[in-house]
Each structure stands twice: as C-alpha cells, then as structure tokens.
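Structure record follows, encoded as structure tokens.
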Amino acid sequence: MRPKVSLRSLAAMFAGALCLAAAADPADRLPDPAQEARARAIFADVRCLVCQNESIDDSEADLAADLRHVVREQVKAGRSDAQIKHFLTDRYGEFVLMTPAFSWMNLALWGGPFAVVVLGAGLLVSRLRNRSGEAELSPEEAQRVRALSQTDGA
C-alpha cells in the first residue's frame with residue numbers, strides 16, 4: 001500500500017525546493033566544483049557578523065553575502081584555507097570564526113569561570129575546616145561552665 005501524498009504537501013516541497021535554489025545565486029558560484037565545495041566548507045566556519053549566531057552560509061545578511069564573495073575570490077586566487085581564515089581574522093578579529101583557534105587568551109576566556117568556581121569551592125572548604133566546632137572559652141567562662149556542671153550533677 002502506497003502512502004497518499006496530498007496536494008498541500010507537494011506544494012510545500014516544491015516551495016522548499018525553490019527556496020533552496022534561490023538561496024545560492026548560481027552567478028556567485030565558482031565555475032570549478034572543487035573550489036566551490038572548498039569555499040562552502042569555509043563558509044560553514046565563518047560567522048556572520050550581523051547575525052552572530054549563524055555562519056555566512058546560512059545568513060541572508062548583506063555582510064554575509066559580501067564575506068561569501070571575499071572567500072570565493074580568495075579560493076579562486078589559490079589561497080589555502082588557513083590563509084583565508086588568517087585574512088578574515090586580521091580584518092574582523094577572531095570572533096569571525098565559528099571555531100576559534102587555540103590560544104592562551106581563549107583558554108583564559110573559557111577556563112576562567114571554571115577556575116573561579118574551583119577556587120571558590122577550595123576557599124569554602126578550607127574555611128569550613130579551619131572553623132572549629134567549639135569556640136575557645138575564656139578562663140572566666142570555663143570556670144562558670146565547671147560551676148554549672150557541678151551544680152547540675154548535685
């Protein structure tokens with residue numbers, strides 16, 4: 001038995017296909033499929049500076065279109081992926097990369113909050129250990145306690 005496909009679902013699939021086809025202008029694409037695939041792989045790792053949550057591959061912002069054009073031009077010129085990313089980070093800062101490179105500043109940025117929590121927990125534990133269960137009594141207080149304990153026992 002074959003599942004029925006409604007006219008509405010066919011229209012939705014057709015509209016979705018048209019949207020996907022319109023998303024990437026064929027005039028913008030590189031003629032070499034290998035270069036275009038390489039450029040699209042770089043797009044996935046470059047952040048849209050307007051949207052900040054999307055890669056330039058997913059973004060419809062004008063700046064994202066400009067960055068896609070820049071990346072395609074760099075790929076077309078024969079630059080390596082590392083050179084292209086270096087060019088973008090020199091121009092826009094490391095924030096432009098979806099997965100920033102390892103650096104001591106990034107380690108401090110990501111590890112700092114964890115270090116603060118561990119340091120705070122360590123300080124809390126040391127303060128709790130140093131705090132004795134009973135406070136020391138002055139000689140007068142000790143005398144009064146002895147006097148009270150003798151009168152209670154009698």
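Chain labels run A, B, ... following the order of the structure tokens; each chain numbers its residues from 1, and ligands are numbered from 1 in the order shown.
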Which residues come within 10 Å of Arg47 of chain A, counting only C-alpha atoms, excluding same-chain residues fewer than 2 positions away, as a short mmCIF file (atom, residue, chain, number, x, y, z; two decimals) with N, CA and C atoms, in the first residue's frame?
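So the final result, stored in around-v9.cif, reads:
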data_model
loop_
_atom_site.label_atom_id
_atom_site.label_comp_id
_atom_site.auth_asym_id
_atom_site.auth_seq_id
_atom_site.Cartn_x
_atom_site.Cartn_y
_atom_site.Cartn_z
N PHE A 43 32.73 28.61 4.35
CA PHE A 43 31.53 29.37 4.76
C PHE A 43 30.98 28.86 6.08
N ALA A 44 30.99 27.54 6.26
CA ALA A 44 30.41 26.93 7.46
C ALA A 44 31.18 27.31 8.71
N ASP A 45 32.45 27.70 8.56
CA ASP A 45 33.26 28.04 9.73
C ASP A 45 33.45 29.54 9.93
N LEU A 49 28.76 38.40 10.96
CA LEU A 49 28.99 39.42 11.98
C LEU A 49 27.73 40.21 12.29
N VAL A 50 26.71 40.08 11.46
CA VAL A 50 25.43 40.74 11.72
C VAL A 50 24.56 39.83 12.58
N CYS A 51 24.40 38.59 12.15
CA CYS A 51 23.54 37.64 12.86
C CYS A 51 24.21 37.11 14.13
N GLN A 52 25.49 36.87 14.07
CA GLN A 52 26.33 36.39 15.16
C GLN A 52 26.01 34.99 15.64
N ASN A 53 24.92 34.42 15.19
CA ASN A 53 24.56 33.07 15.60
C ASN A 53 24.63 32.11 14.42
N GLU A 54 24.84 32.64 13.25
CA GLU A 54 24.81 31.83 12.04
C GLU A 54 26.13 31.95 11.29
N SER A 55 26.39 30.93 10.50
CA SER A 55 27.54 31.02 9.60
C SER A 55 27.14 31.87 8.40
N ILE A 56 28.11 32.29 7.63
CA ILE A 56 27.78 33.10 6.46
C ILE A 56 27.07 32.26 5.41
N ASP A 57 27.18 30.94 5.52
CA ASP A 57 26.48 30.05 4.60
C ASP A 57 24.98 30.07 4.87
N ASP A 58 24.59 30.26 6.12
CA ASP A 58 23.18 30.24 6.50
C ASP A 58 22.54 31.62 6.51
N SER A 59 23.33 32.66 6.56
CA SER A 59 22.82 34.01 6.75
C SER A 59 22.40 34.67 5.44
N ALA A 64 27.08 39.08 5.08
CA ALA A 64 27.39 37.66 4.86
C ALA A 64 27.60 37.39 3.37
N LEU A 67 30.99 38.66 2.54
CA LEU A 67 32.04 37.74 3.03
C LEU A 67 32.11 36.49 2.17
N GLU A 94 39.11 37.55 15.74
CA GLU A 94 38.91 36.10 15.85
C GLU A 94 37.45 35.71 16.02
N PHE A 95 36.61 36.67 16.36
CA PHE A 95 35.19 36.41 16.52
C PHE A 95 34.54 35.94 15.22
N VAL A 96 35.16 36.25 14.09
CA VAL A 96 34.59 35.88 12.80
C VAL A 96 34.59 34.36 12.59
N LEU A 97 35.41 33.64 13.32
CA LEU A 97 35.47 32.18 13.17
C LEU A 97 34.48 31.51 14.12
N MET A 98 33.74 30.55 13.59
CA MET A 98 32.80 29.80 14.43
C MET A 98 33.56 28.91 15.42
N THR A 99 34.71 28.39 15.01
CA THR A 99 35.56 27.58 15.88
C THR A 99 36.92 28.26 15.94
#
Of the candidates A:Ile42, A:Met105, A:Ala142, A:Val118, which shows the shortest atom-to-atom distance to Ile84 of chain A, using only C-alpha atoms?
->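 For Ile84 of chain A, the nearest of the given residues is A:Ile42.
Going from atom CA of Gln74 of chain A over to atom CA of Asp28 of chain A, you cover 13.5 Å.
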Computed interatomic separation between atom CA of Asp66 of chain A and atom CA of Ser103 of chain A (Å) |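 If I compute the distance from atom CA of Asp66 of chain A to atom CA of Ser103 of chain A, I get 28.0 Å.
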From the DSSP assignment of the backbone, select every residue of segment 47-140 of chain A that is alpha helix (DSSP H), and format the answer as a tab-separated table (two decimals) with C-alpha atoms, in the first residue's frame.
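Once everything was written out, this is out-v8.tsv:
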chain	number	residue	atom	x	y	z
A	62	ASP	CA	24.31	41.69	3.07
A	63	LEU	CA	27.57	41.47	5.00
A	64	ALA	CA	27.39	37.66	4.86
A	65	ALA	CA	26.96	37.87	1.07
A	66	ASP	CA	30.00	40.16	0.90
A	67	LEU	CA	32.04	37.74	3.03
A	68	ARG	CA	30.98	34.83	0.80
A	69	HIS	CA	32.19	36.84	-2.19
A	70	VAL	CA	35.51	37.59	-0.45
A	71	VAL	CA	36.02	33.92	0.43
A	72	ARG	CA	35.23	32.84	-3.13
A	73	GLU	CA	37.69	35.39	-4.50
A	74	GLN	CA	40.37	34.13	-2.10
A	75	VAL	CA	39.71	30.50	-3.09
A	76	LYS	CA	39.79	31.48	-6.76
A	81	ASP	CA	42.08	27.64	3.93
A	82	ALA	CA	44.47	28.78	6.65
A	83	GLN	CA	45.47	31.86	4.64
A	84	ILE	CA	41.82	32.77	4.03
A	85	LYS	CA	40.93	32.40	7.71
A	86	HIS	CA	44.03	34.41	8.66
A	87	PHE	CA	42.94	37.16	6.24
A	88	LEU	CA	39.45	37.23	7.78
A	89	THR	CA	40.70	37.26	11.38
A	90	ASP	CA	43.16	40.06	10.57
A	91	ARG	CA	40.31	42.08	9.16
A	92	TYR	CA	37.43	41.23	11.54
A	104	TRP	CA	46.12	31.26	25.75
A	105	MET	CA	43.59	34.10	25.66
A	106	ASN	CA	40.84	31.69	24.56
A	107	LEU	CA	41.90	29.25	27.25
A	108	ALA	CA	41.63	32.02	29.85
A	109	LEU	CA	38.26	33.06	28.46
A	110	TRP	CA	36.78	29.55	28.55
A	111	GLY	CA	38.69	28.22	31.56
A	112	GLY	CA	38.40	31.33	33.73
A	113	PRO	CA	34.88	30.68	35.02
A	114	PHE	CA	35.74	27.07	35.90
A	115	ALA	CA	38.90	28.22	37.70
A	116	VAL	CA	36.88	30.75	39.71
A	117	VAL	CA	34.37	28.06	40.75
A	118	VAL	CA	37.15	25.64	41.77
A	119	LEU	CA	38.98	28.39	43.67
A	120	GLY	CA	35.77	29.42	45.44
A	121	ALA	CA	34.98	25.82	46.39
A	122	GLY	CA	38.52	25.38	47.70
A	123	LEU	CA	38.27	28.53	49.80
A	124	LEU	CA	34.90	27.44	51.16
A	125	VAL	CA	36.22	24.01	52.15
A	126	SER	CA	39.32	25.48	53.80
A	127	ARG	CA	37.22	27.98	55.76
A	128	LEU	CA	34.88	25.23	56.93
A	129	ARG	CA	37.79	23.01	58.00
A	130	ASN	CA	39.52	25.81	59.93
A	139	PRO	CA	39.12	31.33	81.82
A	140	GLU	CA	36.09	33.03	83.42
